[in-house]
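Dropping structure-v1.txt in here (compact mmCIF, C-alpha atoms):
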# COMPACT_ATOMS: atom_id res chain seq x y z
CA MET A 1 71.13 2.38 7.24
CA ALA A 2 70.87 0.73 3.86
CA SER A 3 72.54 2.58 1.00
CA ARG A 4 70.37 4.51 -1.43
CA GLN A 5 70.34 3.29 -5.01
CA TYR A 6 68.90 4.54 -8.25
CA ILE A 7 66.25 2.14 -9.45
CA SER A 8 64.86 2.30 -12.95
CA VAL A 9 61.33 0.95 -13.31
CA ARG A 10 59.24 1.37 -16.47
CA GLY A 11 62.00 3.52 -17.89
CA LEU A 12 61.82 6.14 -15.11
CA LYS A 13 64.95 6.80 -13.06
CA GLN A 14 64.18 7.93 -9.52
CA THR A 15 65.70 7.85 -6.07
CA PRO A 16 63.66 5.45 -3.94
CA THR A 17 62.94 5.73 -0.26
CA THR A 18 64.79 2.95 1.55
CA ILE A 19 63.70 1.12 4.69
CA SER A 20 66.22 -1.23 6.28
CA ALA A 21 65.42 -4.78 7.34
CA ASP A 22 66.83 -7.00 10.05
CA MET A 23 65.57 -10.20 11.59
CA ASN A 24 65.79 -8.67 15.06
CA LEU A 25 62.80 -6.35 14.88
CA LEU A 26 63.50 -4.64 18.17
CA ASP A 27 66.98 -3.32 17.44
CA SER A 28 67.79 0.19 16.24
CA LYS A 29 67.15 -0.60 12.58
CA TYR A 30 63.57 -1.48 13.40
CA SER A 31 62.77 1.41 15.65
CA PRO A 32 59.34 2.95 14.97
CA VAL A 33 61.07 6.01 13.49
CA HIS A 34 61.33 4.25 10.14
CA PHE A 35 57.62 3.55 10.09
CA GLN A 36 56.78 7.08 11.16
CA ARG A 37 58.46 8.30 7.99
CA VAL A 38 55.80 6.45 6.03
CA SER A 39 52.34 7.98 6.11
CA GLY A 40 49.56 6.18 7.93
CA ASP A 41 47.60 5.66 4.70
CA VAL A 42 50.56 3.93 3.08
CA ARG A 43 51.08 1.66 6.09
CA THR A 44 47.39 0.80 6.07
CA THR A 45 47.59 -0.09 2.38
CA PHE A 46 50.55 -2.39 2.99
CA PHE A 47 49.16 -4.05 6.12
CA LYS A 48 45.69 -4.67 4.68
CA CYS A 49 46.72 -5.72 1.18
CA VAL A 50 45.31 -9.10 0.18
CA ARG A 51 46.81 -9.36 -3.30
CA TRP A 52 50.26 -8.27 -4.41
CA GLN A 53 50.89 -8.04 -8.14
CA VAL A 54 54.36 -8.57 -9.59
CA GLU A 55 55.36 -6.69 -12.73
CA GLU A 56 58.11 -7.02 -15.26
CA THR A 57 61.02 -4.72 -14.56
CA LEU A 58 63.45 -2.91 -16.84
CA ASP A 59 66.18 -3.07 -14.22
CA PRO A 60 66.76 -6.74 -13.31
CA ILE A 61 69.95 -5.89 -11.41
CA ASP A 62 68.77 -3.24 -8.95
CA CYS A 63 65.06 -4.10 -9.08
CA PRO A 64 64.64 -7.78 -9.96
CA TYR A 65 61.10 -7.90 -8.50
CA HIS A 66 58.61 -5.05 -8.69
CA TYR A 67 55.38 -5.36 -6.68
CA TYR A 68 52.32 -3.26 -6.06
CA CYS A 69 49.18 -3.82 -4.01
CA ASP A 70 46.28 -4.76 -6.25
CA SER A 71 43.54 -5.23 -3.65
CA THR A 72 42.96 -4.37 0.01
CA TYR A 73 40.41 -5.18 2.67
CA PRO A 74 37.47 -2.77 3.05
CA GLY A 75 37.49 0.08 5.56
CA ASP A 76 37.63 -0.22 9.33
CA TYR A 77 34.75 -0.40 11.77
CA SER A 78 34.11 2.50 14.11
CA ARG A 79 36.03 2.98 17.34
CA ALA A 80 33.02 1.69 19.26
CA VAL A 81 33.55 -1.78 17.80
CA ASP A 82 37.21 -1.73 18.85
CA GLY A 83 36.11 -0.67 22.32
CA LEU A 84 33.63 -3.54 22.58
CA VAL A 85 36.29 -6.03 21.48
CA LEU A 86 38.69 -4.68 24.08
CA LEU A 87 35.98 -4.81 26.75
CA PHE A 88 35.19 -8.42 25.88
CA SER A 89 38.88 -9.36 25.95
CA VAL A 90 39.53 -7.69 29.30
CA ALA A 91 36.39 -9.20 30.85
CA SER A 92 37.33 -12.68 29.61
CA TYR A 93 40.82 -12.32 31.00
CA LEU A 94 39.67 -11.05 34.40
CA VAL A 95 37.13 -13.86 34.74
CA THR A 96 39.81 -16.42 33.87
CA LEU A 97 42.28 -14.83 36.29
CA ILE A 98 39.80 -14.71 39.19
CA ILE A 99 38.60 -18.29 38.68
CA MET A 100 42.18 -19.52 38.44
CA ILE A 101 43.16 -17.74 41.66
CA LEU A 102 40.10 -19.15 43.44
CA GLU A 103 40.92 -22.69 42.35
CA VAL A 104 44.59 -22.37 43.25
CA SER A 105 43.65 -21.07 46.70
CA GLY A 106 41.38 -24.09 47.27
CA ARG A 107 38.03 -22.31 46.91
CA ARG A 108 36.71 -24.48 44.10
CA LYS A 109 33.16 -24.50 45.51
CA SER A 110 32.67 -20.75 45.23
CA ARG A 111 29.74 -19.52 43.16
CA LEU A 112 31.96 -18.12 40.42
CA CYS A 113 33.78 -21.44 40.01
CA ASN A 114 30.45 -23.24 39.72
CA TRP A 115 29.58 -21.01 36.77
CA LYS A 116 32.95 -21.27 35.07
CA ARG A 117 31.56 -23.57 32.39
CA TYR A 118 29.59 -20.59 31.06
CA LEU A 119 32.13 -17.83 31.74
CA LEU A 120 35.53 -19.08 30.57
CA PRO A 121 36.93 -18.06 27.16
CA SER A 122 36.97 -21.71 26.05
CA ASN A 123 33.25 -22.28 26.58
CA PRO A 124 31.03 -22.45 23.47
CA LEU A 125 29.41 -19.04 24.03
CA SER A 126 32.67 -17.13 24.49
CA LEU A 127 34.33 -19.06 21.68
CA SER A 128 31.48 -18.08 19.37
CA ALA A 129 32.07 -14.42 20.21
CA THR A 130 35.81 -14.91 19.64
CA LEU A 131 35.15 -16.50 16.25
CA LEU A 132 32.95 -13.56 15.25
CA ILE A 133 35.67 -11.11 16.30
CA LEU A 134 38.41 -12.96 14.42
CA ALA A 135 36.25 -13.46 11.33
CA LYS A 136 35.77 -9.68 11.11
CA GLY A 137 39.27 -8.95 12.37
CA HIS A 138 40.58 -7.29 9.22
CA ARG A 139 38.13 -4.42 9.83
CA ILE A 140 38.86 -4.05 13.56
CA ASN A 141 41.72 -1.62 13.22
CA SER A 142 40.69 1.79 14.58
CA MET A 143 42.13 1.84 18.12
CA PHE A 144 43.19 -1.72 18.95
CA PRO A 145 44.16 -3.57 15.74
CA LEU A 146 43.30 -7.24 15.83
CA SER A 147 46.63 -7.90 14.15
CA CYS A 148 48.12 -6.91 17.53
CA ILE A 149 45.59 -8.24 20.06
CA GLY A 150 44.32 -11.19 18.01
CA PRO A 151 47.05 -13.65 19.08
CA PRO A 152 46.59 -12.88 22.82
CA ILE A 153 42.82 -13.38 22.48
CA PHE A 154 43.44 -16.71 20.78
CA HIS A 155 46.05 -17.73 23.35
CA LEU A 156 43.62 -16.91 26.16
CA ALA A 157 41.19 -19.47 24.75
CA LEU A 158 43.99 -22.05 24.53
CA ILE A 159 45.12 -21.42 28.11
CA SER A 160 41.55 -21.64 29.36
CA ALA A 161 40.96 -24.93 27.52
CA LEU A 162 44.10 -26.48 29.01
CA ALA A 163 43.86 -25.08 32.53
CA PHE A 164 40.22 -25.94 33.25
CA ASP A 165 38.75 -29.40 32.83
CA GLU A 166 35.00 -29.88 33.31
CA GLY A 167 35.40 -33.45 34.47
CA THR A 168 32.37 -33.37 36.79
CA ILE A 169 29.70 -33.31 34.08
CA GLY A 170 28.25 -36.37 32.35
CA ASP A 171 30.14 -38.26 29.67
CA ILE A 172 27.95 -37.22 26.74
CA LYS A 173 27.90 -33.56 27.76
CA TYR A 174 31.64 -33.67 28.32
CA VAL A 175 32.34 -35.07 24.85
CA ILE A 176 30.04 -32.50 23.23
CA LEU A 177 31.73 -29.70 25.17
CA GLN A 178 35.20 -30.87 24.18
CA ALA A 179 34.18 -31.30 20.54
CA SER A 180 32.77 -27.78 20.54
CA THR A 181 35.98 -26.40 22.03
CA ILE A 182 38.14 -28.27 19.53
CA SER A 183 36.07 -27.01 16.61
CA GLY A 184 36.20 -23.47 17.95
CA ILE A 185 39.98 -23.55 18.38
CA LEU A 186 40.59 -24.85 14.86
CA HIS A 187 38.24 -22.32 13.28
CA ALA A 188 39.69 -19.50 15.39
CA SER A 189 43.22 -20.35 14.23
CA LEU A 190 42.14 -20.14 10.59
CA TYR A 191 40.31 -16.84 11.08
CA LEU A 192 43.27 -15.36 12.93
CA ASP A 193 45.67 -16.39 10.18
CA SER A 194 43.42 -14.69 7.64
CA VAL A 195 44.10 -11.46 9.56
CA LEU A 196 47.79 -12.03 10.28
CA LEU A 197 49.00 -13.25 6.89
CA PRO A 198 48.19 -10.02 4.98
CA TYR A 199 49.60 -8.03 7.90
CA TYR A 200 52.90 -9.92 7.97
CA THR A 201 53.14 -9.92 4.17
CA GLY A 202 52.68 -6.16 4.09
CA PHE A 203 55.20 -5.73 6.88
CA ASP A 204 57.78 -7.70 4.91
CA ALA A 205 57.01 -5.68 1.79
CA LEU A 206 57.34 -2.43 3.72
CA ALA A 207 60.40 -3.30 5.79
CA SER A 208 62.63 -5.09 3.29
CA SER A 209 61.85 -3.21 0.08
CA THR A 210 62.53 0.16 -1.53
CA PHE A 211 59.81 2.41 -2.87
CA SER A 212 59.98 2.89 -6.62
CA HIS A 213 57.53 5.84 -6.55
CA GLU A 214 55.64 4.41 -9.50
CA CYS A 215 52.58 4.31 -7.26
CA GLU A 216 51.74 4.52 -3.57
CA SER A 217 52.47 0.84 -2.93
CA CYS A 218 55.03 0.14 -5.67
CA VAL A 219 58.19 -1.41 -4.26
CA CYS A 220 61.36 -2.99 -5.56
CA ARG A 221 62.66 -6.16 -3.97
CA ARG A 222 65.67 -8.39 -4.40
CA GLU A 223 63.75 -11.52 -3.43
CA VAL A 224 60.29 -12.94 -4.02
CA LEU A 225 57.51 -11.74 -1.71
CA VAL A 226 55.88 -14.82 -0.16
CA VAL A 227 52.53 -15.10 1.58
CA GLY A 228 52.98 -14.19 5.23
CA GLY A 229 56.41 -12.72 4.60
CA MET A 230 59.67 -14.04 5.98
CA LEU A 231 60.21 -11.67 8.91
CA VAL A 232 57.53 -13.04 11.27
CA THR A 233 56.88 -16.78 11.13
CA TYR A 234 54.11 -17.01 13.75
CA ARG A 235 50.95 -18.80 12.61
CA ALA A 236 47.84 -19.59 14.63
CA TRP A 237 47.29 -22.79 12.62
CA SER A 238 50.41 -24.38 14.08
CA ILE A 239 51.81 -27.07 16.32
CA THR A 240 50.51 -25.14 19.34
CA SER A 241 46.89 -25.49 18.23
CA PHE A 242 47.34 -29.17 17.42
CA LEU A 243 48.95 -29.89 20.79
CA VAL A 244 45.97 -28.33 22.56
CA VAL A 245 43.50 -30.16 20.31
CA GLY A 246 45.33 -33.43 20.92
CA ALA A 247 45.20 -32.90 24.69
CA LEU A 248 41.45 -32.22 24.55
CA CYS A 249 40.86 -35.34 22.45
CA LEU A 250 42.76 -37.47 24.95
CA ARG A 251 40.79 -35.92 27.80
CA ALA A 252 37.58 -37.05 26.15
CA MET A 253 39.01 -40.53 25.61
CA CYS A 254 40.07 -40.79 29.26
CA LYS A 255 36.64 -39.58 30.37
CA VAL A 256 34.50 -42.03 28.40
CA GLY A 257 36.95 -44.92 28.08
CA SER A 258 36.65 -47.63 30.70
CA ASP A 259 39.90 -49.43 29.91
CA VAL A 260 42.23 -46.53 29.14
CA GLY A 261 45.80 -47.43 30.05
CA LYS A 262 48.45 -45.44 31.85
CA ILE A 263 50.15 -44.61 28.57
CA THR A 264 47.10 -42.66 27.42
CA TYR A 265 47.02 -40.68 30.67
CA MET A 266 50.74 -39.97 30.43
CA LEU A 267 50.33 -38.85 26.83
CA LYS A 268 47.46 -36.57 27.85
CA TYR A 269 49.53 -34.91 30.57
CA SER A 270 52.46 -34.60 28.18
CA LEU A 271 50.36 -32.86 25.52
CA GLU A 272 48.87 -30.51 28.11
CA THR A 273 52.34 -29.55 29.31
CA LEU A 274 53.73 -29.17 25.80
CA GLY A 275 50.68 -27.13 24.79
CA LEU A 276 51.22 -24.62 27.59
CA ALA A 277 54.94 -24.47 26.88
CA SER A 278 54.22 -23.84 23.21
CA VAL A 279 51.84 -20.99 24.09
CA VAL A 280 54.61 -19.44 26.20
CA LEU A 281 57.11 -19.74 23.35
CA ASP A 282 54.65 -18.22 20.87
CA SER A 283 53.97 -15.32 23.21
CA LEU A 284 57.67 -14.61 23.74
CA TYR A 285 58.34 -14.93 20.01
CA LEU A 286 55.64 -12.40 19.15
CA LEU A 287 56.87 -10.04 21.84
CA ARG A 288 60.32 -10.02 20.27
CA ASN A 289 59.61 -10.33 16.55
CA SER A 290 56.31 -8.57 15.87
CA PRO A 291 56.28 -5.34 13.84
CA PRO A 292 57.43 -2.39 15.98
CA GLU A 293 54.05 -0.77 16.56
CA ARG A 294 51.69 -0.86 19.55
CA PHE A 295 54.58 -2.22 21.60
CA LEU A 296 53.00 -1.29 24.95
CA LEU A 297 49.77 -3.05 23.99
CA ARG A 298 51.63 -6.18 22.90
CA THR A 299 53.77 -6.19 26.04
CA THR A 300 50.74 -5.83 28.31
CA ALA A 301 48.88 -8.64 26.54
CA SER A 302 51.89 -10.98 26.61
CA GLY A 303 52.50 -10.22 30.28
CA ALA A 304 48.88 -11.03 31.06
CA GLU A 305 49.17 -14.38 29.27
CA LEU A 306 52.35 -15.32 31.10
CA THR A 307 50.80 -14.31 34.43
CA LEU A 308 47.95 -16.76 33.90
CA ILE A 309 50.31 -19.58 33.02
CA CYS A 310 52.54 -18.85 36.03
CA ILE A 311 49.55 -18.95 38.39
CA TYR A 312 48.40 -22.22 36.84
CA VAL A 313 51.85 -23.80 37.16
CA ILE A 314 52.20 -22.62 40.77
CA GLY A 315 48.78 -24.08 41.55
CA LYS A 316 49.77 -27.43 40.05
CA ILE A 317 53.00 -27.50 42.04
CA CYS A 318 51.18 -26.64 45.28
CA ALA A 319 48.57 -29.34 44.60
CA ARG A 320 51.31 -31.93 44.07
CA ILE A 321 53.00 -30.89 47.32
CA ARG A 322 49.73 -31.19 49.26
CA GLN A 323 49.05 -34.58 47.72
CA SER A 324 52.52 -35.82 48.63
CA GLN A 325 52.11 -34.60 52.20
CA LEU A 326 48.76 -36.40 52.55
CA GLN A 327 50.21 -39.63 51.22
CA HIS A 328 53.17 -39.30 53.56
CA GLU A 329 50.87 -38.80 56.56
CA LYS A 330 48.92 -41.93 55.66

Can you present the structure in this file as structure tokens?
Amino acid sequence: MASRQYISVRGLKQTPTTISADMNLLDSKYSPVHFQRVSGDVRTTFFKCVRWQVEETLDPIDCPYHYYCDSTYPGDYSRAVDGLVLLFSVASYLVTLIIMILEVSGRRKSRLCNWKRYLLPSNPLSLSATLLILAKGHRINSMFPLSCIGPPIFHLALISALAFDEGTIGDIKYVILQASTISGILHASLYLDSVLLPYYTGFDALASSTFSHECESCVCRREVLVVGGMLVTYRAWSITSFLVVGALCLRAMCKVGSDVGKITYMLKYSLETLGLASVVLDSLYLLRNSPPERFLLRTTASGAELTLICIYVIGKICARIRQSQLQHEK
């Protein structure tokens, strides 16, 4: 437990409330007990703050930086909106899971697989719904905060884009479909970051500061508060998104190009593999380093993501084994 100190701000000498910080957010110092000591309204103010104002301090030794929240996002939508978002997310996941199992088991000609172009999370219709959800994500916070389930929703679209390739349609339609998916992924990453950055900034301000009691959100810090904070470094606009986008671009090139060399195909497979690996690393990182709230929800979502990737990898391995056996028989 961090030691309590007397901090003088604006000439007032008060005993601040202290919340300890540690880079390992799941150890005892970051148990939810610390956050339960802070009222829900205060946590909401910190997590939804979009502009932190720094003030001059009269105590540069104990309180070198004094911040307060100057502006927050508007209120939350009703619980019904959260329920619809959860329903959409669960339905998208189940459709992806069922189609993946059918394809791995060799039943690619089933009716559901034939309609996968219109049902998967990476198709234009589902991506449009995902973009709408992420664009309004700062107000989806009643039951299932998008700051918690937003990354899994985004990762589901990435996994779907990498795992399923609509190579049977015409060249022009294929290029348009891939371009739509690429645009949707890039926009989704920006919208998700617009939700996560205030959340992570507020978490840093809440977890590694001391309350000065000058106002509800007034805190003293020993270091500068940066956008996105320094405790959680995950960003949706990251190398993961660019790996997936690069893989989709190379898919389109291989589809329409008549003289594409082996190097391009090898690069495409490499980016697909690295993209999936990067999604796994992001999921594990968030599971370990996210703020200690809604842990069961985060764990369930991360487990669902990893299950999809495991099934996909197992299917690829089985397909390679079958192909090797057929070549050996010939």

Just the residues within 8 Å of Asp70 of chain A, please, counting all atoms listed in the file, with nothing from its chain fewer than 2 positions along; format it as a PyMOL selection string. chain A and resi 49-53+68+72

Please, what distance in Å, to one decimal, runs between atom CA of Ile149 of chain A and atom CA of Val313 of chain A? 24.0 Å

Atom pair atom CA of Leu243 of chain A / atom CA of Leu271 of chain A: separation (Å):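 Separation of atom CA of Leu243 of chain A and atom CA of Leu271 of chain A: 5.8 Å.
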
Out of A:Ile159, A:Val42, A:Leu196, A:Gly261, which residue has the shortest atom-to-atom distance to Ser278 of chain A when counting all atoms listed in the file? A:Ile159

For the atom pair atom CA of His155 of chain A and atom CA of Ile314 of chain A, what is the interatomic distance in Å to one decimal place?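 Separation between atom CA of His155 of chain A and atom CA of Ile314 of chain A: 19.1 Å.
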
Any idea what's packed within 10 Å of segment 128-138 of chain A, counting all atoms listed in the file, ignoring anything in its chain fewer than 5 positions away? Could you give it as a ChimeraX atom specification? /A:47-48,72-77,81-82,85,88-89,121-123,145-147,149-151,153-154,157,180-181,184-185,187-196,198-199

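Closest approach to Glu103 of chain A from the set A:Tyr312, A:Val256, A:Leu58, A:Thr44 is made by A:Tyr312, with distances taken over only C-alpha atoms.
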
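Counting all atoms listed in the file, the residue from A:Ala236, A:Ile99, A:Leu162, A:Met143 that sits nearest to Gly83 of chain A is A:Met143.
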
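Selecting by distance to (56.2, -8.1, -10.4) with a limit of 7 Å and using all atoms listed in the file, one obtains Gln53, Val54, Glu55, Glu56, Tyr65, His66 and Tyr67 of chain A.
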
Counting only C-alpha atoms, closest pick from A:Thr264, A:Ser92, A:Asn141, A:Ser209 relative to Cys63 of chain A is A:Ser209

Box for segment 215-227 of chain A - axis-aligned, 6 Å on each of the six sides, all listed atoms - centre and size in Å to one decimal, as AutoDock Vina command-line options.
--center_x 58.7 --center_y -5.3 --center_z -2.8 --size_x 25.9 --size_y 31.6 --size_z 20.8
